[in-house]
Structures are given as structure tokens and as C-alpha cells.
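The structure under discussion appears below in the form of C-alpha cells.
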Amino acid sequence: MALAPMANVTDVAFRSIIAKYGKPDLMYTEFVSADGLGSAGREHLLIDLKFSEAERPIVAQFFGATPDHFYQAALLAQELGFDGIDINMGCPDRAVLKQGAGAALIETPELAQEIIRETKRGAGPLPVSVKTRLGLKKNTLKSWLPRLLETDLAAVIIHGRTAKELSLVPARWEDIAEAVKIREKSGLGAEETLILGNGDVKSLADAEAKAKDYGLDGVMAGRGIFGNPWFFAGTGEPDAKEKLRVMVEHTRLFEKIFSGIKSFDVMKKHYKAYANGFPGAKELRIKLMAAKNADEVYQIVKTQF
């Protein structure tokens with residue numbers, strides 16, 4: 001069971017809270033630009049590769065379209081002490097696609113393979129995986145996945161939509177299940193490559209059921225973790241008072257780590273999920289969205305009870 005990488009969501013502050021209240025088997029960082037790490041913007045990006053020992057095992061995720069930059073990023077991941085490296089080949093963001101990165105690599109399999117080879121060359125003993133989608137504009141998994149399996153990856157994580165579909169349609173787990181059959185029939189000696197599914201996972205029980213029903217080696221959960229650090233504990237969400245207490249704890253940790261580095265507004269995307277499902281939640285959220293720092297958030301929550 002793995003925590004999905006989500007930009008401006010699964011930062012070190014949120015991952016630390018998840019590690020405390022419901023730790024998964026594996027965590028991934030937010031995606032970080034391999035090209036950016038090789039530029040003058042390197043120092044600014046290093047904060048996104050910060051992690052705590054409590055989060056282990058943790059995988060660094062990189063995106064880009066330049067093989068040599070992935071080699072350098074893999075060396076850095078070794079140096080920083082990560083437990084694995086993942087290559088983003090599924091991001092549907094237009095700015096990422098314009099770079100030939102993310103899901104665009106599905107359409108350039110030779111470049112994708114070169115990127116994997118260079119990442120593995122720099123990774124040393126670290127396992128390398130790829131997170132991808134069913135295809136760019138249509139499902140091309142039957143031709144795309146064998147190209148990935150040829151590179152002897154540790155794992156392939158498949159989001160059950162095409163990049164064009166974003167998150168606008170339900171994830172197709174029956175298509176993800178086809179990946180297992182493709183692996184078995186590949187004849188590439190890729191039996192050791194794990195296949196994980198991703199998309200619309202609602203709870204730990206749901207994840208476990210999907211893994212069993214579709215014959216997968218694991219499941220990665222993303223949006224279901226919003227406002228729910230207890231997701232992987234499988235205990236269900238606590239009462240409103242406890243959720244808001246942890247929200248304040250999360251906010252203080254975010255401020256401590258990112259003050260002067262990231263806008264406080266980044267933290268606010270969590271408030272809609274934390275402050276939800278109880279009387280007065282909407283009014284509380286409006287107040288929280290106007291807060292400027294962690295102390296103001298604490299004072300707002302304090303008046304709720």
C-alpha cells in the first residue's frame with residue numbers, strides 16, 4: 001500500500017502527519033523536476049526532497065525529458081538517502097506535457113527507455129519504478145507496458161485513466177488488471193516487476209479489495225488521503241474535534257518547515273477536506289481560508305468547540 005505523489009499536497013509536512021497517524025507501506029515525494037535540479041533553480045527544489053526518518057521507506061519521484069538529468073537526479077537521490085526512485089510518466093499537466101515529460105513519454109517509448117536506463121545507472125542499488133497511465137489520448141497499454149517491462153523495473157504503477165481524461169471519468173481497474181496479463185505473457189523475464197493500481201481508492205479496505213479482485217501486487221492511494229491522515233490505518237476517520245486538532249498540528253508543521261519558502265496558501269487546500277461533514281463546517285472553512293498563519297488557524301478552530 002503506497003501513498004501517491006501529489007504536487008503541493010504530499011510534502012514533508014503532510015507525509016510526517018501521515019506517518020504518525022496511518023503510515024502506508026511506502027511513501028513517494030511530490031514530483032521534482034530532474035531538469036530543474038540541473039539548473040540554477042536547484043536549491044529552491046531541494047526542499048521538495050526533504051524527508052524525515054519516520055517516513056521510510058520513501059521514494060523520490062522525478063519528472064523531465066532529458067536522460068542525463070535523470071542520471072544526475074538519481075545520484076542525488078542516493079546521496080540524500082532515499083530508498084527508491086520513481087519516474088513520472090503519467091502527469092497530464094499541460095506545462096509538463098509541453099516539455100515532453102510526464103504522460104508525453106508514453107508517445108516516445110525510446111526516450112522513455114533511455115531515461116529509465118540513465119536513472120538506473122545513477123541509482124546504484126536503489127530500485128527504480130515508473131508511474132504512468134493507460135495512455136496519452138487513448139488506451140495504449142498493450143504496446144506501452146511491454147516497452148517499460150523491457151527495462152526490468154522494480155515496479156510499474158498504473159493510473160486507470162488516460163492523460164486526456166485527467167480525473168474526469170472513473171478509473172478503469174479492469175484495464176489496470178490487463179497489465180498483469182501483459183506482464184505474464186511478455187516473455188521478457190519481467191515476472192519480478194510489481195504492478196500497482198491507482199485511481200479512485202476510497203479506503204484501505206477498498207484498496208485491499210481492489211488488489212485482490214484485480215490480481216495486483218499493490219495499490220497506490222492519492223486523493224482519498226486528503227484531510228484523512230488515518231487512511232492507511234484502516235480505522236476510519238475520527239470525530240470532528242480530532243480532525244481539526246490534527247489539522248492545526250499539520251498547519252503548524254507546514255509553517256515551521258516552509259515559512260518564507262512556500263506560500264501559506266498552499267496549506268489551505270487541505271482545509272476543505274479536514275473541515276468537512278459536520279455542522280458549521282462550511283462557515284468554518286470560510287474563516288480558515290482567510291487565515292494568514294498557524295496561530296490564526298488555531299484561534300479559529302478554538303472557537304469551534
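By order of appearance in the C-alpha cells: chains A, B, ..., then residues from 1 within every chain, and ligands from 1 in the order shown.
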Please identify the alpha helix (DSSP H) residues within region 15-65 of chain A (assignment by DSSP from backbone atoms) and present them as a list in words.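 Secondary structure check on region 15-65 of chain A, alpha helix (DSSP H): Arg15, Ser16, Ile17, Ile18, Ala19, Lys20, Tyr21, Ala34, Asp35, Gly36, Leu37, Arg42, Glu43, His44 and Leu45 of chain A.
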Return as a PDB file with N, CA, C and O atoms, in the first residue's frame the full set of residues in region 100-132 of chain A whose backbone-based DSSP assignment is strand (DSSP E or B).
ATOM      1  N   VAL A 128      14.209   1.171  -9.056  1.00  0.00           N
ATOM      2  CA  VAL A 128      13.619   2.209  -9.897  1.00  0.00           C
ATOM      3  C   VAL A 128      12.256   1.750 -10.394  1.00  0.00           C
ATOM      4  O   VAL A 128      12.111   0.616 -10.867  1.00  0.00           O
ATOM      5  N   SER A 129      11.265   2.634 -10.273  1.00  0.00           N
ATOM      6  CA  SER A 129       9.910   2.326 -10.735  1.00  0.00           C
ATOM      7  C   SER A 129       9.421   3.432 -11.659  1.00  0.00           C
ATOM      8  O   SER A 129      10.045   4.481 -11.774  1.00  0.00           O
ATOM      9  N   VAL A 130       8.283   3.189 -12.315  1.00  0.00           N
ATOM     10  CA  VAL A 130       7.643   4.181 -13.181  1.00  0.00           C
ATOM     11  C   VAL A 130       6.171   4.280 -12.814  1.00  0.00           C
ATOM     12  O   VAL A 130       5.504   3.257 -12.623  1.00  0.00           O
ATOM     13  N   LYS A 131       5.676   5.507 -12.680  1.00  0.00           N
ATOM     14  CA  LYS A 131       4.240   5.738 -12.510  1.00  0.00           C
ATOM     15  C   LYS A 131       3.717   6.298 -13.830  1.00  0.00           C
ATOM     16  O   LYS A 131       4.242   7.280 -14.335  1.00  0.00           O
ATOM     17  N   THR A 132       2.689   5.648 -14.369  1.00  0.00           N
ATOM     18  CA  THR A 132       2.210   6.025 -15.681  1.00  0.00           C
ATOM     19  C   THR A 132       0.688   5.927 -15.757  1.00  0.00           C
ATOM     20  O   THR A 132       0.021   5.726 -14.745  1.00  0.00           O
TER      21      THR A 132
END
Which residues, written as a PDB file with C-alpha atoms, in the first residue's frame, have at least one atom at most 9 Å from Ala112 (chain A), with only C-alpha atoms counted and residues fewer than 5 positions away on the same chain left out?
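For reference, around_26.pdb as written:
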ATOM      1  CA  ALA A  65      12.624  14.597 -20.597  1.00  0.00           C
ATOM      2  CA  PRO A  67      18.147  11.343 -19.775  1.00  0.00           C
ATOM      3  CA  MET A  89       5.455   9.124 -16.908  1.00  0.00           C
ATOM      4  CA  LEU A 105       6.732   9.973 -22.690  1.00  0.00           C
ATOM      5  CA  ILE A 106       4.092   7.329 -23.454  1.00  0.00           C
ATOM      6  CA  GLU A 107       4.289   8.530 -27.063  1.00  0.00           C
ATOM      7  CA  ARG A 117      18.404   3.290 -18.260  1.00  0.00           C
ATOM      8  CA  ARG A 147       8.393  -1.214 -23.515  1.00  0.00           C
ATOM      9  CA  LEU A 148       8.555  -0.496 -19.783  1.00  0.00           C
TER      10      LEU A 148
END
I'd like the contact shell of Pro24 (chain A) - 6 Å cut-off, only C-alpha atoms, skipping same-chain residues fewer than 2 positions apart - returned as an NGL selection string. :A and (1-2 or 26 or 232)
Writer output for current selection, C-alpha atoms, as a PDB file, in the first residue's frame:
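Saved file selection.pdb follows:
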ATOM      1  CA  MET A   1       0.000   0.000   0.000  1.00  0.00           C
ATOM      2  CA  ALA A   2       1.572   3.232  -1.184  1.00  0.00           C
ATOM      3  CA  LEU A  26       5.622   3.038   1.011  1.00  0.00           C
ATOM      4  CA  PHE A 232      -3.833   3.709   5.840  1.00  0.00           C
TER       5      PHE A 232
END
Show which residues sit within 10 Å of Ala60 (chain A), as a PyMOL selection string. Count only C-alpha atoms, and ignore same-chain residues fewer than 5 positions away. chain A and resi 5+27-32+48-51+73-74+76-78+80-87+128
Using only C-alpha atoms, tabulate the residues of region 131-191 of chain A lying at most 12 Å from any atom of region 207-229 of chain A, each with its closest atom pair and that distance in Å to one decimal, by chain and increasing residue number, as a tab-separated table.
residue	atom	partner	partner_atom	distance
A:Lys131	CA	A:Met220	CA	10.1
A:Ala154	CA	A:Asp217	CA	11.6
A:Ala155	CA	A:Asp217	CA	9.3
A:Val156	CA	A:Asp217	CA	10.1
A:Ile157	CA	A:Met220	CA	7.6
A:Ile158	CA	A:Met220	CA	9.0
A:His159	CA	A:Met220	CA	8.9
A:Gly160	CA	A:Met220	CA	11.3
A:Ser167	CA	A:Arg223	CA	10.4
A:Ala171	CA	A:Lys210	CA	11.8
A:Arg172	CA	A:Tyr214	CA	11.0
A:Trp173	CA	A:Tyr214	CA	7.3
A:Glu174	CA	A:Tyr214	CA	7.0
A:Asp175	CA	A:Tyr214	CA	9.4
A:Ile176	CA	A:Tyr214	CA	7.9
A:Ala177	CA	A:Tyr214	CA	5.2
A:Glu178	CA	A:Tyr214	CA	8.7
A:Ala179	CA	A:Leu216	CA	8.9
A:Val180	CA	A:Leu216	CA	7.0
A:Lys181	CA	A:Gly215	CA	9.5
A:Arg183	CA	A:Leu216	CA	11.3
A:Glu184	CA	A:Gly215	CA	11.7
A:Glu191	CA	A:Asp217	CA	11.3
Please write the residues from the selection above to a file, keeping C-alpha atoms, as a short mmCIF file (atom, residue, chain, number, x, y, z; two decimals), in the first residue's frame.
data_model
loop_
_atom_site.label_atom_id
_atom_site.label_comp_id
_atom_site.auth_asym_id
_atom_site.auth_seq_id
_atom_site.Cartn_x
_atom_site.Cartn_y
_atom_site.Cartn_z
CA LYS A 131 4.24 5.74 -12.51
CA ALA A 154 11.19 -2.84 -9.82
CA ALA A 155 7.57 -1.72 -10.23
CA VAL A 156 5.10 -0.06 -12.57
CA ILE A 157 2.25 1.94 -11.04
CA ILE A 158 -0.68 2.41 -13.40
CA HIS A 159 -3.31 5.11 -13.02
CA GLY A 160 -6.51 3.80 -14.56
CA SER A 167 -9.65 12.71 -13.38
CA ALA A 171 -10.67 4.91 -13.07
CA ARG A 172 -10.88 1.67 -15.07
CA TRP A 173 -9.49 -1.03 -12.83
CA GLU A 174 -10.33 -3.78 -15.32
CA ASP A 175 -7.83 -2.10 -17.67
CA ILE A 176 -5.23 -1.93 -14.91
CA ALA A 177 -5.77 -5.68 -14.38
CA GLU A 178 -4.79 -6.23 -18.03
CA ALA A 179 -1.30 -5.10 -17.05
CA VAL A 180 -0.82 -8.27 -15.01
CA LYS A 181 -1.74 -10.41 -18.04
CA ARG A 183 3.41 -8.94 -17.77
CA GLU A 184 2.73 -12.69 -17.65
CA GLU A 191 7.96 -11.50 -13.54
#
Between CA of Asp265 (chain A) and CA of Ala19 (chain A), what is the spacing in Å?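 Going from CA of Ala19 (chain A) over to CA of Asp265 (chain A), I get 23.0 Å.
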Contacts of region 100-102 of chain A at 7 Å or less, counting only C-alpha atoms, minus same-chain residues fewer than 3 places along, as an mmCIF file with C-alpha atoms, in the first residue's frame?
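So part_31.cif came out as:
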data_model
loop_
_atom_site.group_PDB
_atom_site.id
_atom_site.type_symbol
_atom_site.label_atom_id
_atom_site.label_comp_id
_atom_site.auth_asym_id
_atom_site.auth_seq_id
_atom_site.Cartn_x
_atom_site.Cartn_y
_atom_site.Cartn_z
ATOM 1 C CA PHE A 63 9.905 14.198 -13.968
ATOM 2 C CA GLY A 64 11.542 15.557 -17.096
ATOM 3 C CA ALA A 65 12.624 14.597 -20.597
ATOM 4 C CA ASN A 88 6.817 10.241 -13.536
ATOM 5 C CA MET A 89 5.455 9.124 -16.908
ATOM 6 C CA GLY A 90 1.824 9.906 -16.183
ATOM 7 C CA CYS A 91 1.391 13.580 -15.291
ATOM 8 C CA PRO A 92 -1.282 15.136 -17.569
ATOM 9 C CA VAL A 96 4.662 19.160 -18.191
ATOM 10 C CA LEU A 97 3.438 17.655 -21.476
ATOM 11 C CA LEU A 105 6.732 9.973 -22.690
#
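Of the listed residues (A:Lys241, A:Arg133, A:Lys269, A:Lys302), A:Arg133 comes nearest to Gly197 (chain A); the distances count only C-alpha atoms.
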Please list as a list in words every residue within 10 Å of region 295-301 of chain A, counting only C-alpha atoms and excluding residues in the same chain fewer than 2 positions away. Lys241, Leu244, Arg245, Met247, Val248, Glu249, Thr251, Arg252, Glu255, Ala275, Leu284, Arg285, Lys287, Leu288, Met289, Ala290, Ala291, Lys292, Asn293, Thr303, Gln304 and Phe305 of chain A
For the residues in that selection, give me N, CA and C atoms as a short mmCIF file (atom, residue, chain, number, x, y, z; two decimals), in the first residue's frame.
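Contents of the output file again00.cif:
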data_model
loop_
_atom_site.label_atom_id
_atom_site.label_comp_id
_atom_site.auth_asym_id
_atom_site.auth_seq_id
_atom_site.Cartn_x
_atom_site.Cartn_y
_atom_site.Cartn_z
N LYS A 241 -13.65 16.99 16.18
CA LYS A 241 -12.70 17.66 17.09
C LYS A 241 -11.27 17.16 16.85
N LEU A 244 -9.86 18.36 13.45
CA LEU A 244 -9.42 19.76 13.47
C LEU A 244 -8.16 19.94 14.31
N ARG A 245 -8.02 19.13 15.35
CA ARG A 245 -6.79 19.19 16.15
C ARG A 245 -5.59 18.81 15.29
N MET A 247 -5.50 18.95 12.04
CA MET A 247 -5.36 19.99 11.03
C MET A 247 -4.47 21.13 11.53
N VAL A 248 -4.66 21.52 12.78
CA VAL A 248 -3.83 22.57 13.38
C VAL A 248 -2.39 22.08 13.50
N GLU A 249 -2.21 20.83 13.94
CA GLU A 249 -0.87 20.25 14.05
C GLU A 249 -0.18 20.25 12.68
N THR A 251 -0.87 22.23 10.18
CA THR A 251 -0.61 23.61 9.79
C THR A 251 0.65 24.16 10.47
N ARG A 252 0.81 23.87 11.75
CA ARG A 252 2.00 24.35 12.48
C ARG A 252 3.27 23.73 11.89
N GLU A 255 4.07 25.41 8.56
CA GLU A 255 4.63 26.74 8.78
C GLU A 255 6.07 26.65 9.26
N ALA A 275 -12.05 20.20 7.29
CA ALA A 275 -13.28 20.82 7.85
C ALA A 275 -14.46 20.45 6.96
N LEU A 284 -16.86 27.46 8.96
CA LEU A 284 -15.50 27.33 9.48
C LEU A 284 -14.48 27.41 8.34
N ARG A 285 -14.79 26.76 7.24
CA ARG A 285 -13.87 26.77 6.09
C ARG A 285 -13.67 28.19 5.56
N LYS A 287 -13.76 30.94 7.22
CA LYS A 287 -12.85 31.62 8.14
C LYS A 287 -11.41 31.14 7.96
N LEU A 288 -11.25 29.83 7.78
CA LEU A 288 -9.91 29.26 7.62
C LEU A 288 -9.21 29.77 6.36
N MET A 289 -9.99 29.97 5.31
CA MET A 289 -9.41 30.44 4.05
C MET A 289 -8.89 31.87 4.15
N ALA A 290 -9.34 32.59 5.17
CA ALA A 290 -8.88 33.97 5.36
C ALA A 290 -7.69 34.05 6.31
N ALA A 291 -7.33 32.92 6.93
CA ALA A 291 -6.23 32.90 7.90
C ALA A 291 -4.89 33.16 7.22
N LYS A 292 -4.00 33.81 7.97
CA LYS A 292 -2.69 34.16 7.40
C LYS A 292 -1.54 33.36 7.99
N ASN A 293 -1.81 32.66 9.10
CA ASN A 293 -0.75 31.88 9.73
C ASN A 293 -1.36 30.82 10.65
N THR A 303 -12.50 28.45 18.68
CA THR A 303 -13.84 28.98 18.90
C THR A 303 -14.93 28.02 18.45
N GLN A 304 -14.52 26.95 17.74
CA GLN A 304 -15.49 25.99 17.21
C GLN A 304 -16.05 25.08 18.31
N PHE A 305 -15.24 24.89 19.37
CA PHE A 305 -15.66 23.94 20.42
C PHE A 305 -15.66 24.62 21.80
#
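Across the model, the gap from CA of Ser16 (chain A) to CA of Ala54 (chain A) is 7.0 Å.
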Could you check which of A:Ala281, A:Leu204, A:Leu45, A:Met267 is closest to Gly22 (chain A), using only C-alpha atoms?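 The answer is A:Leu204, which sits nearest to Gly22 (chain A).
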Pairwise distance for CA of Ser33 (chain A) and CA of Trp144 (chain A), rounded to one decimal in Å: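 According to the coordinates, CA of Ser33 (chain A) and CA of Trp144 (chain A) are separated by 23.0 Å.
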